[in-house]
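Heads up, the thing below is written out as structure tokens.
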Amino acid sequence: MGAVHFDTYVPRESVIHHWSPRLKLISLLALMFACATVQHITLVPWMLGLVALLYGLSGLPLSFLQQRLSYPGLFILAVVVLLPLTVGDTVLWQWGWLALRQEGLQATLLILGRFLAILTLGFILLGTTPFLTLLEAMRSLGLPTILADMSLLTYRYLHEIGAMLVTMQQAMRLRGFGQRRQHWLKVNGRTMLHLAMLTGNLLIRSYERSERIYKALRLRGYGYGPKSAQEESVSPQVSVLSWGLTGGALACAAALIVAEAVLRGALSQASLLGWGLMGVLLAVVIGLIIAEGVLRR
Amino acid sequence: MHIPDGILPAQVCVAGYAMTGLATWYSLRQINRKPDPTAEIPKASLLTAAFFVASSIYIPVPPASVHLILNGLLGVVLGYFAFPAILIGLFFQALVIGHGGLTTLGVNAAMMGVPALLAYHIFQARHSFSKVVMEPARTALFAFLGGALGLGIAALIFLTLVILNISADINANTERGLILVLSAAHIPLMMVEGVFTAMLVLFLQRVKPELLES
């Protein structure tokens with residue numbers, strides 16, 4: 001846990017950094033969902049090209065993406081590694097009992113393409129927006145107060161509780177925990193009891209600390225009614241650049257969804273209702289954004 | 001046990017968000033009925049952080065080791081705060097380590113959070129059996145059930161969603177067989193999670209009983 005960092009924001013002067021956080025959040029989420037609709041392999045290069053363009057515009061270094069992709073990348077590989085060898089009837093290459101199948105290979109490429117595109121969009125969001133700004137944007141979009149407060153407090157104390165666990169585990173090791181030989185395929189009840197007590201102690205310490213924090217928060221006015229009107233009305237002016245980027249991103253998301261529907265011939269099938277619903281949702285989002293922009297002006 | 005981005009089609013992701021929205025609304029409604037909901041927020045937040053950290057503890061099951069999911073325990077300790085806690089924990093995991101994903105956040109939260117709420121109700125049901133089973137066996141039994149079923153139901157949903165959506169070219173019989181075999185393989189893990197939850201709840205009952213009064 002000690003190695004976990006939230007501050008993944010990379011300060012740059014790119015257009016994506018200057019994109020209004022609220023509009024950026026909506027646009028990139030719409031793009032992520034549009035990428036998730038892609039089921040046709042021919043759309044994968046277009047989708048990846050679009051994401052590469054956005055990543056280039058963000059000015060984030062490639063090492064940032066490389067570093068963050070390694071762990072989830074290994075996880076997704078573990079999930080799809082058997083697909084090219086087990087799924088489908090069209091054999092592309094065979095060596096003894098080992099056969100590479102076309103359908104499985106296509107499914108793997110599709111999943112990896114979508115995964116890479118969606119994850120990169122997430123990292124663009126996180127790399128160009130400070131975490132607290134992102135939370136603020138979510139709050140202004142209607143995130144309930146309880147969720148927003150819980151997120152902020154969890155974020156604030158996560159590292160400290162992580163450090164507390166590291167110290168407790170070190171103290172256990174210094175007292176000889178984990179030195180005993182383990183038997184194969186047998187869970188040691190005593191070890192488990194010690195780990196349960198370790199977790200219990202972590203919960204108790206966190207609980208006691210939360211009581212002190214609550215008292216400190218109350219003394220500073222926490223829970224005494226809503227924020228003042230002056231505090232609530234602080235919202236920065238949205239630039240033309242932000243509106244332009246939002247329009248472009250939403251148009252790309254709509255284009256991906258329509259292209260997928262056309263390629264699958266889905267417009268003539270029963271799933272028309274599902275696609276229609278997605279389209280209506282996207283139209284509502286675009287409409288709300290435009291209406292808000294007009295009202296602000 | 002998180003479904004990563006890219007595996008599920010968008011329709012399933014949207015349905016996951018709808019379910020999570022509904023479960024969050026229901027949980028927040030229950031929380032707001034308490035006399036002073038703000039008093040519980042720091043406690044729930046720090047315990048969320050503690051659970052997030054504690055899920056990195058590994059239980060040695062030689063020759064390997066497993067890490068616990070703890071969603072059943074979250075339900076037992078946090079009650080209706082368990083769902084928001086899981087949602088926040090998964091959001092942080094998706095952002096920080098790329099574990100899970102933003103499009104699958106709704107599905108993952110519903111998959112882990114709904115069994116957590118179920119675990120809470122199972123644990124609360126112990127009060128109805130006060131004449132049948134004596135303490136501390138009663139608390140241990142219901143904590144075990146909450147922990148084991150919390151993981152078991154989440155694993156079943158996870159396997160069903162992944163196997164049914166990973167490729168259209170797998171035939172229905174193979175899919176059914178895979179779900180059954182892989183679900184059966186999770187039974188030992190359910191036992192480990194259940195026993196761990198029972199041990200921890202008994203420890204909390206002895207040392208800090210107010211933590212179980214959610």
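In the structure tokens, the first chain shown is A, the next is B, and so on; residue numbers restart at 1 for each chain, and ligands run from 1 in the order shown.
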* Exercise: Phe123 in chain B partners within 9 Å, only C-alpha atoms, chain neighbours under 3 positions left out, as number ranges by chain -> B: 75-76, 118-120, 126-127, 139, 141-146
Those residues with N, CA, C and O atoms, as a PDB file, in the first residue's frame please?
```pdb
ATOM      1  N   GLY B  75     -20.054  -5.405   4.908  1.00  0.00           N
ATOM      2  CA  GLY B  75     -21.494  -5.355   5.175  1.00  0.00           C
ATOM      3  C   GLY B  75     -21.782  -5.539   6.648  1.00  0.00           C
ATOM      4  O   GLY B  75     -22.589  -4.815   7.235  1.00  0.00           O
ATOM      5  N   VAL B  76     -21.100  -6.500   7.273  1.00  0.00           N
ATOM      6  CA  VAL B  76     -21.320  -6.806   8.693  1.00  0.00           C
ATOM      7  C   VAL B  76     -20.967  -5.604   9.571  1.00  0.00           C
ATOM      8  O   VAL B  76     -21.699  -5.255  10.498  1.00  0.00           O
ATOM      9  N   LEU B 118     -26.474  -7.871   1.558  1.00  0.00           N
ATOM     10  CA  LEU B 118     -27.092  -9.144   1.939  1.00  0.00           C
ATOM     11  C   LEU B 118     -26.400  -9.701   3.195  1.00  0.00           C
ATOM     12  O   LEU B 118     -27.063 -10.183   4.125  1.00  0.00           O
ATOM     13  N   ALA B 119     -25.066  -9.595   3.227  1.00  0.00           N
ATOM     14  CA  ALA B 119     -24.294 -10.072   4.387  1.00  0.00           C
ATOM     15  C   ALA B 119     -24.709  -9.317   5.646  1.00  0.00           C
ATOM     16  O   ALA B 119     -24.807  -9.894   6.742  1.00  0.00           O
ATOM     17  N   TYR B 120     -24.960  -8.004   5.498  1.00  0.00           N
ATOM     18  CA  TYR B 120     -25.411  -7.189   6.628  1.00  0.00           C
ATOM     19  C   TYR B 120     -26.728  -7.734   7.190  1.00  0.00           C
ATOM     20  O   TYR B 120     -26.887  -7.911   8.399  1.00  0.00           O
ATOM     21  N   ARG B 126     -29.187 -12.645  13.158  1.00  0.00           N
ATOM     22  CA  ARG B 126     -28.761 -13.433  14.318  1.00  0.00           C
ATOM     23  C   ARG B 126     -29.621 -13.137  15.552  1.00  0.00           C
ATOM     24  O   ARG B 126     -29.791 -13.991  16.412  1.00  0.00           O
ATOM     25  N   HIS B 127     -30.166 -11.906  15.609  1.00  0.00           N
ATOM     26  CA  HIS B 127     -30.993 -11.533  16.765  1.00  0.00           C
ATOM     27  C   HIS B 127     -32.264 -12.379  16.846  1.00  0.00           C
ATOM     28  O   HIS B 127     -32.814 -12.570  17.918  1.00  0.00           O
ATOM     29  N   THR B 139     -22.993 -15.452  16.980  1.00  0.00           N
ATOM     30  CA  THR B 139     -22.320 -14.364  16.250  1.00  0.00           C
ATOM     31  C   THR B 139     -21.331 -14.946  15.242  1.00  0.00           C
ATOM     32  O   THR B 139     -21.261 -14.490  14.092  1.00  0.00           O
ATOM     33  N   LEU B 141     -21.343 -17.899  13.803  1.00  0.00           N
ATOM     34  CA  LEU B 141     -22.039 -18.581  12.707  1.00  0.00           C
ATOM     35  C   LEU B 141     -22.568 -17.578  11.679  1.00  0.00           C
ATOM     36  O   LEU B 141     -22.351 -17.733  10.473  1.00  0.00           O
ATOM     37  N   PHE B 142     -23.218 -16.520  12.165  1.00  0.00           N
ATOM     38  CA  PHE B 142     -23.803 -15.561  11.224  1.00  0.00           C
ATOM     39  C   PHE B 142     -22.726 -14.704  10.547  1.00  0.00           C
ATOM     40  O   PHE B 142     -22.890 -14.297   9.387  1.00  0.00           O
ATOM     41  N   ALA B 143     -21.630 -14.454  11.266  1.00  0.00           N
ATOM     42  CA  ALA B 143     -20.515 -13.734  10.633  1.00  0.00           C
ATOM     43  C   ALA B 143     -19.897 -14.610   9.547  1.00  0.00           C
ATOM     44  O   ALA B 143     -19.577 -14.131   8.449  1.00  0.00           O
ATOM     45  N   PHE B 144     -19.766 -15.909   9.826  1.00  0.00           N
ATOM     46  CA  PHE B 144     -19.229 -16.841   8.835  1.00  0.00           C
ATOM     47  C   PHE B 144     -20.111 -16.838   7.588  1.00  0.00           C
ATOM     48  O   PHE B 144     -19.613 -16.727   6.463  1.00  0.00           O
ATOM     49  N   LEU B 145     -21.425 -16.945   7.810  1.00  0.00           N
ATOM     50  CA  LEU B 145     -22.362 -16.969   6.672  1.00  0.00           C
ATOM     51  C   LEU B 145     -22.276 -15.671   5.863  1.00  0.00           C
ATOM     52  O   LEU B 145     -22.258 -15.691   4.628  1.00  0.00           O
ATOM     53  N   GLY B 146     -22.222 -14.548   6.572  1.00  0.00           N
ATOM     54  CA  GLY B 146     -22.120 -13.245   5.889  1.00  0.00           C
ATOM     55  C   GLY B 146     -20.854 -13.166   5.048  1.00  0.00           C
ATOM     56  O   GLY B 146     -20.904 -12.791   3.874  1.00  0.00           O
TER      57      GLY B 146
END
```
* **Non-local contacts of Met47 in chain A (8 Å; only C-alpha atoms; under 2 positions in same chain excluded) as number ranges by chain** => A: 35, 43-45, 49-51, 117, 256
* Select all residues from chain A having any atom no more than 7 Å from an atom of chain B (counting only C-alpha atoms, ignoring ligands), output as number ranges by chain. => A: 1, 5-6, 32-33, 36-37, 72, 87-88, 107, 111-112, 114-115, 118-119, 147, 150-151, 153-154, 157-158, 161-162, 182-187, 192-193, 196-197, 199-200, 202-203, 206-207, 210-211, 213-214, 223
* To do: Provide the CA of Gln205 in chain B to CA of Ala216 in chain A distance in Å, to one decimal place.
  => 27.3 Å
* Excluding same-chain residues fewer than 6 positions from Met172 in chain A, what lies within 12 Å of it counting only C-alpha atoms, as a ChimeraX atom specification? -> /A:165-166,178-179,191,194-195,197-198
* To do: Select from range 2-90 of chain B everything DSSP, run on the backbone, classes as helix (DSSP H, G or I), then give the selection as a ChimeraX atom specification.
  => /B:10-32,37-54,71-90
* To do: Could you give me, as a PyMOL selection string, each residue of range 40-106 of chain A that DSSP assigns to strand (DSSP E or B) when run on this structure's backbone?
  => chain A and resi 91-95+98-101
Any chance you can output those residues with C-alpha atoms as a compact mmCIF listing (two decimals), in the first residue's frame?
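The resulting file, part-v4.txt, is reproduced below:
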```
# COMPACT_ATOMS: atom_id res chain seq x y z
CA VAL A 91 -7.69 -23.02 -37.46
CA LEU A 92 -5.01 -20.58 -38.62
CA TRP A 93 -1.95 -22.53 -37.45
CA GLN A 94 -1.48 -25.89 -35.77
CA TRP A 95 1.38 -27.61 -33.98
CA LEU A 98 -1.93 -26.66 -30.09
CA ALA A 99 -4.08 -24.71 -32.58
CA LEU A 100 -4.41 -20.97 -33.14
CA ARG A 101 -8.04 -20.13 -33.98
```
* To do: Compile the contact shell of Ala82 in chain B as a VMD selection string: residues with an atom at most 8 Å away, counting only C-alpha atoms, same-chain residues fewer than 6 positions apart removed.
  => chain B and resid 74 to 75 113 116 to 117
Selection above as a file: all heavy atoms, as a compact mmCIF listing (two decimals), in the first residue's frame:
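The result, written out as out.txt:
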```txt
# COMPACT_ATOMS: atom_id res chain seq x y z
N LEU B 74 -17.37 -6.08 5.27
CA LEU B 74 -17.76 -4.66 5.13
C LEU B 74 -19.25 -4.49 5.44
O LEU B 74 -19.64 -3.55 6.14
CB LEU B 74 -17.51 -4.22 3.70
CG LEU B 74 -16.32 -3.33 3.46
CD1 LEU B 74 -15.87 -3.42 2.02
CD2 LEU B 74 -16.67 -1.89 3.76
N GLY B 75 -20.05 -5.40 4.91
CA GLY B 75 -21.49 -5.35 5.17
C GLY B 75 -21.78 -5.54 6.65
O GLY B 75 -22.59 -4.81 7.23
N GLY B 113 -21.18 -4.97 -3.93
CA GLY B 113 -21.95 -4.23 -2.94
C GLY B 113 -23.27 -4.88 -2.56
O GLY B 113 -23.65 -4.87 -1.37
N ALA B 116 -22.74 -7.50 -0.17
CA ALA B 116 -22.36 -6.91 1.12
C ALA B 116 -23.60 -6.51 1.92
O ALA B 116 -23.68 -6.74 3.13
CB ALA B 116 -21.46 -5.69 0.90
N LEU B 117 -24.59 -5.93 1.22
CA LEU B 117 -25.84 -5.56 1.89
C LEU B 117 -26.57 -6.82 2.38
O LEU B 117 -27.16 -6.84 3.47
CB LEU B 117 -26.75 -4.76 0.95
CG LEU B 117 -26.28 -3.34 0.60
CD1 LEU B 117 -27.24 -2.68 -0.37
CD2 LEU B 117 -26.14 -2.48 1.86
```
* Structure fact -> Computed gap from CA of Leu78 in chain B to CA of Leu212 in chain B is 7.9 Å
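Picture a line from CA of Ala253 in chain A to CA of Val38 in chain A; it runs 10.7 Å.
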